Amino acid sequence: MNDFIAARSQMALSLGFHIIFSCIGMVMPFFMAVSHFYWLRTHNIVYRNVTRAWSKGVAIFFATGAVSGTVLSFELGLLWPEFMRQAGPIFGMPFSLEGTAFFIEAIALGFFLYGWDRFNPWFHWFTGVIVGVSGLVSGILVVSANAWMNDPTGFDYVRGQFLHIDPIKAMFNPAWFQQALHMSIAAFAATGFAVAGIHALMILRRQNILFHTKAFKIAVVFATAAAVLQPLSGDLSAKYVAKRQPAKLAAMEAHYVTSASAPLIIGGIPDDKAKKVNYAIEIPGLLSFMIDGDFHSIVKGLDSIPPEDQPPVAVTHFAFQIMVGLGMLMLTIAIMYFTAVLRRKNWRNSKWLLRLFVIATPIGFIAVEAGWIVTEVGRQPWILQGIMRTAEAVTPMPGILYSFYLFTAVYFSLAIAVVFLLYRQIKMVGKIYDI
């Protein structure tokens with residue numbers, strides 16, 4: 001493994017680890033706030049217990065996310081100094097604002113955790129809402145910085161120099177809205193299904209059924225609503241990519257040849273040498289229609305992109321297929337749940353429906369990881385789309401391979417610690433809040 005591959009692998013590992021905690025940090029406080037709101041309105045002690053249990057989970061994920069996020073900030077400077085030297089003054093604003101949002105979130109979380117029976121009840125609830133809002137804003141700001149890498153604006157690039165810098169325009173680049181929307185909904189879907197799945201498992205095990213039923217109902221509403229909205233935001237994102245990043249779209253769809261009436265390819269194994277996809281299901285004209293609303297429109301293929309500028313097709317295509325497939329699975333489960341609520345009342349407490357949510361516990365986060373692979377690998381070979389290549393931005397730092405192994409061990413240890421703490425927390429719930 002050379003320095004370039006080691007640097008990219010270390011960054012990929014760090015991002016892949018951190019994004020899970022970012023999603024949970026963006027979403028779980030809203031679950032907590034809803035449960036707290038029900039407690040204040042109904043004075044049902046179960047909602048208070050759910051809120052307190054969830055708040056401990058939020059604290060665990062906040063602490064772990066703070067560690068992994070700090071590591072990422074150092075890695076940007078150590079592994080990619082040329083990129084940060086050139087791009088830092090342009091897209092540094094969302095990172096600065098993200099730091100402010102992070103501190104607000106930390107302060108509000110402190111107030112919430114230690115404010116029970118000390119603050120006015122509604123002010124206490126409001127501090128929990130601030131935790132959620134600041135966490136969501138923090139995530140959106142980071143996504144805005146990443147969106148700028150996909151569609152760099154806010155400067156003039158003249159003879160290798162960045163001139164006439166406009167940080168506001170850079171932050172609100174053409175990609176930020178659709179990417180932030182898609183990521184935020186994905187975070188709600190992933191976290192919602194994970195939380196609902198855990199509580200469904202506890203219900204099936206007949207442990208503290210009333211507590212876990214209340215918690216399941218809150219989480220499942222967020223999960224299923226997000227699962228329904230996600231394909232709509234995904235369609236918006238795909239249309240944007242088709243317009244602004246045709247090479248990424250071609251890699252996502254394994255679309256090798258520019259053509260009219262381009263088929264939508266489902267599954268399959270890309271063959272770069274033969275320029276085709278083996279064992280795929282092809283729906284004629286559907287890709288053209290999904291992009292332009294016309295079954296006969298022309299869609300650019302990889303043959304229109306210089307070979308040195310083409311992304312890795314197999315990785316991008318497989319990741320995209322996983323993301324879409326799991327998204328459709330979550331949508332199917334959501335439709336079944338809404339059917340149970342609105343039409344088939346006897347389904348609501350059925351074991352098979354609960355088992356379905358248990359099985360679906362990890363799929364949202366797998367879809368999130370696959371989506372970020374599409375975003376990052378699909379942009380290659382560029383770290384800054386069309387301007388700076390990834391190979392130009394890396395540090396030829398001696399010993400980086402050992403750094404990769406060290407950070408892998410650190411993240412693995414953190415993951416074990418988090419799983420242990422969450423497992424202990426879930427087990428304690430049945431003892432402390434047994435009603």
# chains A, B, ... in the order shown; residues from 1 in each chain; ligands from 1
call {"tool": "residues_around", "arguments": {"residues": "A:Pro121", "least_positions_apart": "6", "cutoff": "10 Å", "atoms": "only C-alpha atoms", "output": "number ranges by chain"}}
result
A: 36-37, 40, 115
call {"tool": "write_last_selection", "arguments": {"atoms": "N, CA and C atoms", "output": "compact mmCIF listing (two decimals), in the first residue's frame"}}
result
# COMPACT_ATOMS: atom_id res chain seq x y z
N HIS A 36 -40.18 13.87 25.19
CA HIS A 36 -40.24 14.83 26.30
C HIS A 36 -41.50 15.68 26.20
N PHE A 37 -41.86 16.07 24.97
CA PHE A 37 -43.08 16.86 24.76
C PHE A 37 -44.30 16.07 25.22
N LEU A 40 -44.52 16.15 28.99
CA LEU A 40 -45.01 17.42 29.53
C LEU A 40 -46.51 17.60 29.30
N GLY A 115 -30.47 19.29 33.74
CA GLY A 115 -31.56 20.22 34.04
C GLY A 115 -32.82 19.60 34.57
call {"tool": "residues_around", "arguments": {"residues": "stretch 210-222 of chain A", "least_positions_apart": "4", "cutoff": "6 Å", "atoms": "only C-alpha atoms", "output": "ChimeraX atom specification"}}
result
/A:46,192,196,199
call {"tool": "select_by_dssp", "arguments": {"residues": "stretch 211-367 of chain A", "states": "strand (DSSP E or B)", "output": "list in words"}}
result
Ser259, Ala260, Leu264, Ile265, Ile266, Ile269, Pro270, Asp271, Lys276, Val277, Asn278, Ile281, Glu282, Ile283, Ile298 and Val299 of chain A
call {"tool": "write_last_selection", "arguments": {"atoms": "C-alpha atoms", "output": "tab-separated table (two decimals), in the first residue's frame"}}
result
chain	number	residue	atom	x	y	z
A	259	SER	CA	-27.05	7.15	-26.48
A	260	ALA	CA	-30.67	8.16	-26.88
A	264	LEU	CA	-32.07	2.05	-16.68
A	265	ILE	CA	-29.69	-0.68	-15.55
A	266	ILE	CA	-30.63	-2.67	-12.47
A	269	ILE	CA	-21.52	-6.61	-13.19
A	270	PRO	CA	-19.71	-3.87	-15.16
A	271	ASP	CA	-17.11	-5.03	-17.68
A	276	LYS	CA	-21.01	-3.39	-21.07
A	277	VAL	CA	-22.81	-4.66	-17.98
A	278	ASN	CA	-23.27	-8.39	-17.63
A	281	ILE	CA	-31.87	-6.01	-16.00
A	282	GLU	CA	-32.34	-3.19	-18.53
A	283	ILE	CA	-35.50	-1.11	-18.84
A	298	ILE	CA	-29.61	11.60	-25.07
A	299	VAL	CA	-27.66	10.60	-21.95
call {"tool": "closest_atom_pairs", "arguments": {"of": "stretch 34-68 of chain A", "to": "stretch 409-421 of chain A", "cutoff": "9 Å", "atoms": "only C-alpha atoms", "output": "JSON lines"}}
result
{"residue": "A:Gly57", "atom": "CA", "partner": "A:Leu421", "partner_atom": "CA", "distance": 8.8}
{"residue": "A:Ile60", "atom": "CA", "partner": "A:Val418", "partner_atom": "CA", "distance": 7.3}
{"residue": "A:Phe61", "atom": "CA", "partner": "A:Val418", "partner_atom": "CA", "distance": 7.8}
{"residue": "A:Thr64", "atom": "CA", "partner": "A:Leu414", "partner_atom": "CA", "distance": 7.5}
{"residue": "A:Ser68", "atom": "CA", "partner": "A:Tyr411", "partner_atom": "CA", "distance": 8.1}
call {"tool": "residues_around", "arguments": {"residues": "A:Ser14", "least_positions_apart": "4", "cutoff": "7 Å", "atoms": "only C-alpha atoms", "output": "PyMOL selection string"}}
result
chain A and resi 10+18+72
call {"tool": "write_last_selection", "arguments": {"atoms": "N, CA and C atoms", "output": "compact mmCIF listing (two decimals), in the first residue's frame"}}
result
# COMPACT_ATOMS: atom_id res chain seq x y z
N GLN A 10 -7.19 5.91 4.95
CA GLN A 10 -7.37 6.45 6.30
C GLN A 10 -8.52 7.46 6.34
N HIS A 18 -17.21 8.14 11.22
CA HIS A 18 -17.81 9.35 11.78
C HIS A 18 -19.22 9.59 11.29
N LEU A 72 -10.90 13.83 12.26
CA LEU A 72 -11.08 14.22 10.86
C LEU A 72 -10.52 15.60 10.57
call {"tool": "atom_distance", "arguments": {"atom1": "atom CA of A:Ala254", "atom2": "atom CA of A:Trp148"}}
result
24.7 Å
call {"tool": "residues_around", "arguments": {"residues": "A:Tyr38", "least_positions_apart": "5", "cutoff": "12 Å", "atoms": "only C-alpha atoms", "output": "list in words"}}
result
Phe31, Met32, Ala33, His43, Asn44, Ile45, Val46, Tyr47, Arg48, Asn49, Val50, Thr51, Trp122, Trp125, Lys214, Ala215 and Ile218 of chain A
call {"tool": "residues_around", "arguments": {"residues": "stretch 86-97 of chain A", "least_positions_apart": "6", "cutoff": "9 Å", "atoms": "only C-alpha atoms", "output": "list in words"}}
result
Ser138, Ile140, Leu141, Val142, Val143, Ser144, Ala145, Trp148, Met149, Thr153, Gly154, Phe155, Gln161, Phe162, Ile165, Asp166, Pro167, Ile168, Ala170, Met171 and Leu384 of chain A
call {"tool": "write_last_selection", "arguments": {"atoms": "N, CA and C atoms", "output": "compact mmCIF listing (two decimals), in the first residue's frame"}}
result
# COMPACT_ATOMS: atom_id res chain seq x y z
N SER A 138 -25.32 21.59 12.15
CA SER A 138 -23.91 21.19 12.08
C SER A 138 -23.68 20.21 10.94
N ILE A 140 -25.57 19.78 8.25
CA ILE A 140 -25.83 20.44 6.96
C ILE A 140 -24.64 21.29 6.54
N LEU A 141 -23.98 21.95 7.50
CA LEU A 141 -22.82 22.78 7.18
C LEU A 141 -21.66 21.94 6.66
N VAL A 142 -21.44 20.78 7.26
CA VAL A 142 -20.38 19.90 6.78
C VAL A 142 -20.70 19.39 5.38
N VAL A 143 -21.96 19.04 5.16
CA VAL A 143 -22.38 18.59 3.83
C VAL A 143 -22.21 19.70 2.80
N SER A 144 -22.44 20.95 3.22
CA SER A 144 -22.25 22.08 2.32
C SER A 144 -20.80 22.18 1.86
N ALA A 145 -19.87 21.93 2.79
CA ALA A 145 -18.45 21.95 2.42
C ALA A 145 -18.13 20.83 1.44
N TRP A 148 -19.43 21.65 -1.99
CA TRP A 148 -18.56 22.58 -2.71
C TRP A 148 -17.45 21.84 -3.45
N MET A 149 -16.98 20.73 -2.89
CA MET A 149 -15.96 19.93 -3.57
C MET A 149 -16.53 19.29 -4.83
N THR A 153 -17.64 26.71 -6.47
CA THR A 153 -18.00 28.05 -6.92
C THR A 153 -17.48 29.05 -5.89
N GLY A 154 -17.68 30.33 -6.16
CA GLY A 154 -17.29 31.37 -5.21
C GLY A 154 -15.87 31.87 -5.41
N PHE A 155 -15.33 31.70 -6.61
CA PHE A 155 -13.97 32.18 -6.90
C PHE A 155 -13.77 32.17 -8.40
N GLN A 161 -4.44 29.99 -9.86
CA GLN A 161 -4.66 30.78 -8.65
C GLN A 161 -6.16 30.98 -8.40
N PHE A 162 -6.55 30.95 -7.10
CA PHE A 162 -7.94 31.21 -6.72
C PHE A 162 -8.07 32.70 -6.41
N ILE A 165 -12.37 35.67 -4.19
CA ILE A 165 -13.04 34.66 -3.37
C ILE A 165 -14.30 35.22 -2.71
N ASP A 166 -15.39 34.45 -2.78
CA ASP A 166 -16.66 34.80 -2.15
C ASP A 166 -17.11 33.60 -1.29
N PRO A 167 -16.77 33.60 0.01
CA PRO A 167 -17.08 32.44 0.87
C PRO A 167 -18.57 32.13 0.96
N ILE A 168 -19.42 33.17 0.91
CA ILE A 168 -20.87 32.94 1.01
C ILE A 168 -21.36 32.17 -0.22
N ALA A 170 -19.56 30.30 -2.09
CA ALA A 170 -18.98 28.97 -2.02
C ALA A 170 -19.81 28.06 -1.10
N MET A 171 -20.24 28.61 0.03
CA MET A 171 -21.01 27.81 0.99
C MET A 171 -22.36 27.42 0.41
N LEU A 384 -11.30 18.23 -5.97
CA LEU A 384 -12.07 19.43 -6.23
C LEU A 384 -12.48 19.36 -7.71
call {"tool": "residues_around", "arguments": {"residues": "A:Tyr114", "least_positions_apart": "2", "cutoff": "12 Å", "atoms": "only C-alpha atoms", "output": "PyMOL selection string"}}
result
chain A and resi 52+55-56+59+107-112+116-119+124+127-128
call {"tool": "atom_distance", "arguments": {"atom1": "atom CA of A:Ile185", "atom2": "atom CA of A:Gln230"}}
result
6.1 Å
call {"tool": "closest_residue", "arguments": {"among": "A:Ala63, A:Leu113, A:Ala242, A:Val394", "to": "A:Met84", "atoms": "only C-alpha atoms"}}
result
A:Val394
call {"tool": "select_by_dssp", "arguments": {"residues": "stretch 23-226 of chain A", "states": "helix (DSSP H, G or I)", "output": "VMD selection string"}}
result
chain A and resid 23 to 42 45 to 79 81 to 114 121 to 150 167 to 171 176 to 204 209 to 226
call {"tool": "closest_residue", "arguments": {"among": "A:Met11, A:Leu201, A:Ala101, A:Phe320", "to": "A:Phe74", "atoms": "only C-alpha atoms"}}
result
A:Met11
call {"tool": "closest_residue", "arguments": {"among": "A:Val341, A:Leu287, A:Val71, A:Ile387", "to": "A:Lys300", "atoms": "only C-alpha atoms"}}
result
A:Leu287
